[in-house]
2 protein chains.
Amino acid sequence: MPSPIENLTKIEVSRENRRRQLIEATVRAIASQGYARLTLTDVAREAGLSPAIVNFYFKSKDQLLVATLEHLGAEYDALWHAAVSAAGGSPAAALEAMIEADFHPQLFTPEKVKVWFAFWAEAQIQPAYRDLVSRLEAGYYKETHEHCARLIEQGGYRVDPAAVAYGLNAMVDGLWFDYLIDPEAFEVDMAKRSCRLFLASLFPREFGRADAAIVPAEEAGDVRSHTGHRARLAAALKRRLHPNTPMQPRDLAAAIGVTAETVRNWLAESSEPSSGMMGRLAGALDAQLWIEVYGPVYQGLRERFEARLAATREAETQERAALDVLGRPRS
Amino acid sequence: MPSPIENLTKIEVSRENRRRQLIEATVRAIASQGYARLTLTDVAREAGLSPAIVNFYFKSKDQLLVATLEHLGAEYDALWHAAVSAAGGSPAAALEAMIEADFHPQLFTPEKVKVWFAFWAEAQIQPAYRDLVSRLEAGYYKETHEHCARLIEQGGYRVDPAAVAYGLNAMVDGLWFDYLIDPEAFEVDMAKRSCRLFLASLFPREFGRADAAIVPAEEAGDVRSHTGHRARLAAALKRRLHPNTPMQPRDLAAAIGVTAETVRNWLAESSEPSSGMMGRLAGALDAQLWIEVYGPVYQGLRERFEARLAATREAETQERAALDVLGRPRS
DNA sequence: CATCCGGCTGAATGTTTGTTTAGAGTTTTA
DNA sequence: TAAAACTCTAAACAAACATTCAGCCGGATG
């Protein structure tokens, strides 16, 4: 389990922290000023530094913006990859995990959604943005399509996996859009329910009947609300900060830009990182961290899937038998 | 059937034309330069005029941009309102009409979609944009919700109309987004099919079974492909340019910025306006024009709906009877 | 025909902003 | 400890841009 930071000198780590500090300042600045009116003075003010600093760490304003988009893209990719891995092999659980990831509080904040749309709009002009955005979208679509196809095959369904994946992707993007337009009125539960409604009406055995989908999903609660991940985080960190490894708490703290005291508190389970900080941790260490900490949550999701599947399959069998009695097998 | 242009002097008409010319130049300029890099010089170049002209017809660059957004919004509203009216009272046909309108070639062009997203992204900052965009979205959602609710009630379905309307809106927005990201790869038919797949799985009687929705929809063809609307347009125009009305072909031509010769060609059915020009016509005359010209197309859609409904209702009745025999009425 | 007036332009203006540069303060290295 | 390297800032610079304005041109008006 090698860590990226082992290969870097302290100077390089420090530079990396400054760059990230500026990138995060850029995100805040775009969210408050807008992309079009963004100036380096805004970024510097957010970062608490002088305007000229940007041209020191990034060659130009354009490069800062590209780096910001790359940062957001990497964060998004890492999150849903980890969620899918944690969901195990079941395609239904994987799709559910992707929906959860799409509305995960680390990504799905008013600030970040605003910034995403700013880049998306601008990507039509700037080829540098465009390529990156297209690659992200394609990767996400491919993954969705794969799980849909497997689900259709395993479940013996007869719909076009491309149409399903396409529709699901579009719905998620559209819900992000709704959130952009009016974050106050947006209800995350309702959004997830709409996605499940779509899947449930196509795959009733795995996602429950469409009728059931209108009932607020009491399961599949917010990841944050689950207790136990504080302990899991501490354990996962301890494994990585084992005495005979070169990395010590203070190194990790320096790598992610917090004090050593903060890291010690996490290890002592007396506090826990914000979701944003959690993303930094996963970046500084490895993506496996995500799975170890949040895996059990998705594991729970998976188990509920299996139970629901068994129940609805029973009902399905009875219904099918009833039709068979009349000699008119269901098409 | 009063026409707005009757109340305007020639000078006012001329001013209105220039304003629209500048607005359309702005749309092209944003599509090619992007919102952030847009300069008045770009707009002027697109319009074939000098940069200072903008501050003559609009007090400032900001006002030009607001006017541009208002123009797009009015066009969008008019289009789907007309489509819904033409669809008659059936909620299913209305929903189908709204889907058709959302991907209508007048609106759904790479240029306009780019510009829409540019404004949407910027709407997070500029309250002037924000209010307008929110109002448009709300109106569209309300309409969708209404038709969904009626469909659910009439059909005896048991899903939450809000979740359906929400999901459908999100899917349409998301498909626009896909188009933004990669217009080359986008297939309009596939997009419409995904929307119908969603509706079909919830309302199988009105939209056909989900299984059927994977077959390319040979019906519901593109509005443009229907012959006959050239004749309908000529007739509709003749009614409005009747000899004893004050408006003559040359007035109409001036109002929409074409030559009188062009209008005469439309009347003679020897040519037809582009979809964009059709939008101008409806604006200069009245929205009813849309219905007269394109109504029969949506009428055809409605008839196919009725036929499909009758066929699937028959099958449904048989199935229900089969279940009743077993004394286990379908829940 | 002379006059007037609105439409439009080219040049000028003042502001904003990205970038450069010289150098001060601090840390690291020899 | 001295020198070198690094980080960061303040000021200067140059380019881009929205906006203003004086005035030209062409058609309408008397």
# chains A, B, ... in the order shown; residues from 1 in each chain; ligands from 1
call {"tool": "residues_around", "arguments": {"residues": "region 24-30 of chain C", "least_positions_apart": "2", "cutoff": "12 Å", "atoms": "only C-alpha atoms (C1' of nucleotides)", "output": "ChimeraX atom specification"}}
result
/A:10-11 /C:22 /D:1-10
call {"tool": "closest_atom_pairs", "arguments": {"of": "chain B", "to": "chain A", "cutoff": "7 Å", "atoms": "only C-alpha atoms", "output": "Markdown table"}}
result
| residue | atom | partner | partner_atom | distance |
| --- | --- | --- | --- | --- |
| B:Ser32 | CA | A:Ile125 | CA | 6.9 |
| B:Gln33 | CA | A:Ile125 | CA | 6.4 |
| B:Gly34 | CA | A:Ile125 | CA | 5.8 |
| B:Ala36 | CA | A:Ala36 | CA | 4.3 |
| B:Lys114 | CA | A:Ala121 | CA | 6.7 |
| B:Phe117 | CA | A:Ala121 | CA | 5.5 |
| B:Ala118 | CA | A:Ala121 | CA | 5.1 |
| B:Ala121 | CA | A:Ala118 | CA | 5.1 |
| B:Glu122 | CA | A:Gly34 | CA | 6.3 |
| B:Gln124 | CA | A:Lys114 | CA | 7.0 |
| B:Ile125 | CA | A:Gly34 | CA | 5.8 |
| B:Ser134 | CA | A:Ile181 | CA | 6.5 |
| B:Arg158 | CA | A:Asp211 | CA | 6.0 |
| B:Val159 | CA | A:Asp211 | CA | 5.8 |
| B:Asp160 | CA | A:Ile214 | CA | 5.8 |
| B:Ala163 | CA | A:Ser194 | CA | 5.6 |
| B:Gly167 | CA | A:Ser194 | CA | 5.2 |
| B:Ala170 | CA | A:Gly174 | CA | 3.9 |
| B:Met171 | CA | A:Met171 | CA | 3.9 |
| B:Val172 | CA | A:Gly174 | CA | 6.9 |
| B:Asp173 | CA | A:Gly174 | CA | 4.6 |
| B:Gly174 | CA | A:Ala170 | CA | 3.9 |
| B:Leu175 | CA | A:Ala170 | CA | 5.1 |
| B:Ile181 | CA | A:Ser134 | CA | 6.5 |
| B:Met190 | CA | A:Ala163 | CA | 7.0 |
| B:Ser194 | CA | A:Gly167 | CA | 5.3 |
| B:Phe198 | CA | A:Phe198 | CA | 6.3 |
| B:Ser201 | CA | A:Ser201 | CA | 5.4 |
| B:Leu202 | CA | A:Ser201 | CA | 6.4 |
| B:Asp211 | CA | A:Val159 | CA | 5.8 |
| B:Ile214 | CA | A:Asp160 | CA | 5.7 |
call {"tool": "select_by_dssp", "arguments": {"residues": "region 62-270 of chain B", "states": "helix (DSSP H, G or I)", "output": "number ranges by chain"}}
result
B: 62-86, 91-102, 110-122, 127-155, 161-181, 188-202, 204-207, 210-213, 223-225, 229-240, 249-256, 260-267
call {"tool": "write_last_selection", "arguments": {"atoms": "C-alpha atoms", "output": "short mmCIF file (atom, residue, chain, number, x, y, z; two decimals), in the first residue's frame"}}
result
data_model
loop_
_atom_site.label_atom_id
_atom_site.label_comp_id
_atom_site.auth_asym_id
_atom_site.auth_seq_id
_atom_site.Cartn_x
_atom_site.Cartn_y
_atom_site.Cartn_z
CA ASP B 62 -25.27 44.01 -19.41
CA GLN B 63 -28.59 45.13 -20.80
CA LEU B 64 -27.85 43.51 -24.13
CA LEU B 65 -27.20 40.23 -22.36
CA VAL B 66 -30.39 40.46 -20.32
CA ALA B 67 -32.36 41.18 -23.48
CA THR B 68 -30.75 38.18 -25.14
CA LEU B 69 -31.78 35.88 -22.33
CA GLU B 70 -35.30 37.29 -22.37
CA HIS B 71 -35.48 36.66 -26.08
CA LEU B 72 -34.47 33.04 -25.68
CA GLY B 73 -36.88 32.55 -22.82
CA ALA B 74 -39.82 33.96 -24.71
CA GLU B 75 -39.04 31.77 -27.69
CA TYR B 76 -38.90 28.64 -25.54
CA ASP B 77 -42.11 29.44 -23.70
CA ALA B 78 -44.01 30.20 -26.86
CA LEU B 79 -42.91 26.98 -28.47
CA TRP B 80 -43.98 24.56 -25.79
CA HIS B 81 -47.17 26.46 -25.01
CA ALA B 82 -48.16 26.18 -28.65
CA ALA B 83 -47.22 22.51 -28.76
CA VAL B 84 -49.33 21.71 -25.71
CA SER B 85 -52.31 23.62 -27.06
CA ALA B 86 -52.07 21.77 -30.33
CA PRO B 91 -52.54 14.65 -20.85
CA ALA B 92 -50.52 11.90 -22.50
CA ALA B 93 -50.46 13.77 -25.79
CA ALA B 94 -49.51 16.94 -23.92
CA LEU B 95 -46.55 15.25 -22.30
CA GLU B 96 -45.48 13.85 -25.60
CA ALA B 97 -45.83 17.29 -27.16
CA MET B 98 -43.63 18.79 -24.48
CA ILE B 99 -40.96 16.22 -25.20
CA GLU B 100 -41.19 17.02 -28.87
CA ALA B 101 -40.96 20.73 -28.13
CA ASP B 102 -37.89 20.23 -25.98
CA PRO B 110 -25.78 23.47 -30.78
CA GLU B 111 -25.56 27.25 -30.75
CA LYS B 112 -28.60 27.90 -28.63
CA VAL B 113 -27.89 25.09 -26.21
CA LYS B 114 -24.42 26.49 -25.62
CA VAL B 115 -25.86 29.91 -24.96
CA TRP B 116 -28.51 28.55 -22.62
CA PHE B 117 -25.92 26.83 -20.51
CA ALA B 118 -23.75 29.92 -20.47
CA PHE B 119 -26.65 31.91 -19.04
CA TRP B 120 -27.63 29.16 -16.63
CA ALA B 121 -24.13 29.02 -15.23
CA GLU B 122 -23.97 32.78 -14.95
CA PRO B 127 -29.86 38.05 -10.00
CA ALA B 128 -31.31 39.46 -13.20
CA TYR B 129 -30.65 36.19 -14.98
CA ARG B 130 -31.58 34.12 -12.01
CA ASP B 131 -35.10 35.40 -11.63
CA LEU B 132 -35.90 34.91 -15.25
CA VAL B 133 -34.46 31.41 -15.40
CA SER B 134 -36.26 30.35 -12.24
CA ARG B 135 -39.55 31.59 -13.60
CA LEU B 136 -39.09 29.66 -16.83
CA GLU B 137 -38.20 26.46 -15.03
CA ALA B 138 -41.09 26.81 -12.63
CA GLY B 139 -43.58 27.33 -15.43
CA TYR B 140 -42.36 24.30 -17.27
CA TYR B 141 -42.40 22.13 -14.17
CA LYS B 142 -45.89 23.25 -13.22
CA GLU B 143 -47.21 22.33 -16.64
CA THR B 144 -45.58 18.92 -16.56
CA HIS B 145 -46.85 18.24 -13.09
CA GLU B 146 -50.38 19.13 -14.10
CA HIS B 147 -50.44 16.73 -17.01
CA CYS B 148 -48.84 13.97 -14.96
CA ALA B 149 -51.41 14.42 -12.23
CA ARG B 150 -54.30 14.27 -14.66
CA LEU B 151 -52.84 11.24 -16.39
CA ILE B 152 -52.39 9.46 -13.07
CA GLU B 153 -55.92 10.25 -12.01
CA GLN B 154 -57.57 9.31 -15.28
CA GLY B 155 -55.51 6.15 -15.65
CA PRO B 161 -47.00 13.01 -9.84
CA ALA B 162 -44.29 15.22 -8.37
CA ALA B 163 -41.72 12.45 -8.64
CA VAL B 164 -42.69 11.78 -12.23
CA ALA B 165 -42.67 15.43 -13.27
CA TYR B 166 -39.45 15.96 -11.42
CA GLY B 167 -37.84 12.97 -13.06
CA LEU B 168 -39.02 13.87 -16.52
CA ASN B 169 -37.83 17.45 -16.19
CA ALA B 170 -34.50 16.28 -14.90
CA MET B 171 -34.13 13.83 -17.74
CA VAL B 172 -34.84 16.47 -20.37
CA ASP B 173 -32.41 18.91 -18.79
CA GLY B 174 -29.82 16.18 -18.61
CA LEU B 175 -30.27 15.30 -22.24
CA TRP B 176 -29.73 18.92 -23.14
CA PHE B 177 -26.60 18.65 -21.11
CA ASP B 178 -25.44 15.60 -23.03
CA TYR B 179 -26.03 17.52 -26.21
CA LEU B 180 -23.91 20.35 -24.83
CA ILE B 181 -21.04 18.02 -24.00
CA VAL B 188 -32.26 13.05 -30.91
CA ASP B 189 -34.25 9.89 -31.48
CA MET B 190 -32.44 8.13 -28.69
CA ALA B 191 -33.10 11.08 -26.42
CA LYS B 192 -36.81 11.13 -27.11
CA ARG B 193 -36.87 7.37 -26.69
CA SER B 194 -35.29 7.64 -23.26
CA CYS B 195 -37.99 10.08 -22.22
CA ARG B 196 -40.70 7.81 -23.57
CA LEU B 197 -39.07 4.82 -21.92
CA PHE B 198 -39.45 6.59 -18.63
CA LEU B 199 -43.09 7.45 -19.25
CA ALA B 200 -43.88 4.08 -20.79
CA SER B 201 -42.65 2.21 -17.76
CA LEU B 202 -44.93 4.29 -15.55
CA PRO B 204 -47.84 1.55 -20.02
CA ARG B 205 -51.37 1.98 -21.36
CA GLU B 206 -50.79 5.47 -22.72
CA PHE B 207 -47.17 5.15 -23.80
CA ALA B 210 -41.48 -0.55 -21.68
CA ASP B 211 -40.47 -3.45 -23.90
CA ALA B 212 -41.97 -1.71 -26.89
CA ALA B 213 -40.15 1.48 -26.14
CA VAL B 223 -41.97 17.91 -37.33
CA ARG B 224 -39.99 19.14 -40.28
CA SER B 225 -40.46 15.94 -42.22
CA HIS B 229 -47.35 22.60 -43.44
CA ARG B 230 -46.13 24.76 -46.28
CA ALA B 231 -49.70 24.96 -47.49
CA ARG B 232 -50.99 25.47 -43.96
CA LEU B 233 -48.53 28.29 -43.42
CA ALA B 234 -49.58 30.01 -46.62
CA ALA B 235 -53.23 29.73 -45.63
CA ALA B 236 -52.56 30.99 -42.12
CA LEU B 237 -50.64 33.96 -43.46
CA LYS B 238 -53.31 34.78 -46.01
CA ARG B 239 -55.92 34.91 -43.29
CA ARG B 240 -53.80 37.43 -41.42
CA PRO B 249 -46.91 41.62 -46.75
CA ARG B 250 -44.33 44.39 -46.82
CA ASP B 251 -45.19 45.37 -43.24
CA LEU B 252 -44.82 41.81 -42.08
CA ALA B 253 -41.55 41.51 -43.98
CA ALA B 254 -40.25 44.64 -42.28
CA ALA B 255 -41.37 43.36 -38.90
CA ILE B 256 -39.43 40.15 -39.13
CA ALA B 260 -41.25 41.46 -49.12
CA GLU B 261 -40.28 39.06 -51.89
CA THR B 262 -39.60 36.36 -49.31
CA VAL B 263 -43.01 36.76 -47.77
CA ARG B 264 -44.63 36.56 -51.19
CA ASN B 265 -42.80 33.29 -51.81
CA TRP B 266 -44.19 31.87 -48.61
CA LEU B 267 -47.67 32.90 -49.64
#
call {"tool": "atom_distance", "arguments": {"atom1": "CA of Leu40 (chain B)", "atom2": "C1' of DC17 (chain D)"}}
result
8.5 Å
call {"tool": "interface_residues", "arguments": {"of": "chain B", "to": "chain D", "cutoff": "10 Å", "atoms": "only C-alpha atoms (C1' of nucleotides)", "output": "NGL selection string"}}
result
:B and (39-41 or 51-52 or 55 or 59-61)
call {"tool": "interface_residues", "arguments": {"of": "chain C", "to": "chain B", "cutoff": "10 Å", "atoms": "only C-alpha atoms (C1' of nucleotides)", "output": "list in words"}}
result
DG6, DG7, DC8, DT9 and DG10 of chain C
call {"tool": "write_last_selection", "arguments": {"atoms": "N, CA and C atoms (P, O5', C5', C4', C3', O3' and C1' of nucleotides)", "output": "JSON list (two decimals), in the first residue's frame"}}
result
[["chain", "number", "residue", "atom", "x", "y", "z"],
["C", 6, "DG", "P", -34.56, 63.17, -33.85],
["C", 6, "DG", "O5'", -34.41, 61.61, -34.14],
["C", 6, "DG", "C5'", -35.17, 61.01, -35.20],
["C", 6, "DG", "C4'", -34.30, 60.01, -35.94],
["C", 6, "DG", "C3'", -33.60, 59.01, -35.03],
["C", 6, "DG", "O3'", -33.69, 57.72, -35.62],
["C", 6, "DG", "C1'", -32.00, 60.15, -36.35],
["C", 7, "DG", "P", -33.12, 56.45, -34.87],
["C", 7, "DG", "O5'", -31.86, 56.10, -35.77],
["C", 7, "DG", "C5'", -32.09, 55.83, -37.16],
["C", 7, "DG", "C4'", -30.77, 55.46, -37.81],
["C", 7, "DG", "C3'", -29.97, 54.37, -37.09],
["C", 7, "DG", "O3'", -29.41, 53.50, -38.05],
["C", 7, "DG", "C1'", -28.66, 56.33, -37.25],
["C", 8, "DC", "P", -28.68, 52.15, -37.53],
["C", 8, "DC", "O5'", -27.17, 52.62, -37.51],
["C", 8, "DC", "C5'", -26.58, 53.11, -38.72],
["C", 8, "DC", "C4'", -25.24, 53.74, -38.43],
["C", 8, "DC", "C3'", -24.28, 52.90, -37.60],
["C", 8, "DC", "O3'", -23.33, 52.28, -38.45],
["C", 8, "DC", "C1'", -24.18, 55.25, -37.08],
["C", 9, "DT", "P", -22.14, 51.42, -37.87],
["C", 9, "DT", "O5'", -20.97, 52.49, -37.84],
["C", 9, "DT", "C5'", -20.71, 53.30, -38.99],
["C", 9, "DT", "C4'", -19.58, 54.26, -38.71],
["C", 9, "DT", "C3'", -18.36, 53.63, -38.06],
["C", 9, "DT", "O3'", -17.21, 53.94, -38.82],
["C", 9, "DT", "C1'", -19.05, 55.54, -36.83],
["C", 10, "DG", "P", -15.92, 53.02, -38.72],
["C", 10, "DG", "O5'", -14.85, 54.08, -38.19],
["C", 10, "DG", "C5'", -14.87, 55.42, -38.70],
["C", 10, "DG", "C4'", -13.98, 56.29, -37.84],
["C", 10, "DG", "C3'", -12.75, 55.58, -37.27],
["C", 10, "DG", "O3'", -11.63, 56.45, -37.36],
["C", 10, "DG", "C1'", -14.13, 56.35, -35.48]]
call {"tool": "atom_distance", "arguments": {"atom1": "CA of Ser274 (chain B)", "atom2": "CA of Arg45 (chain B)"}}
result
23.2 Å
call {"tool": "atom_distance", "arguments": {"atom1": "CA of Leu107 (chain B)", "atom2": "CA of Ala87 (chain B)"}}
result
18.9 Å
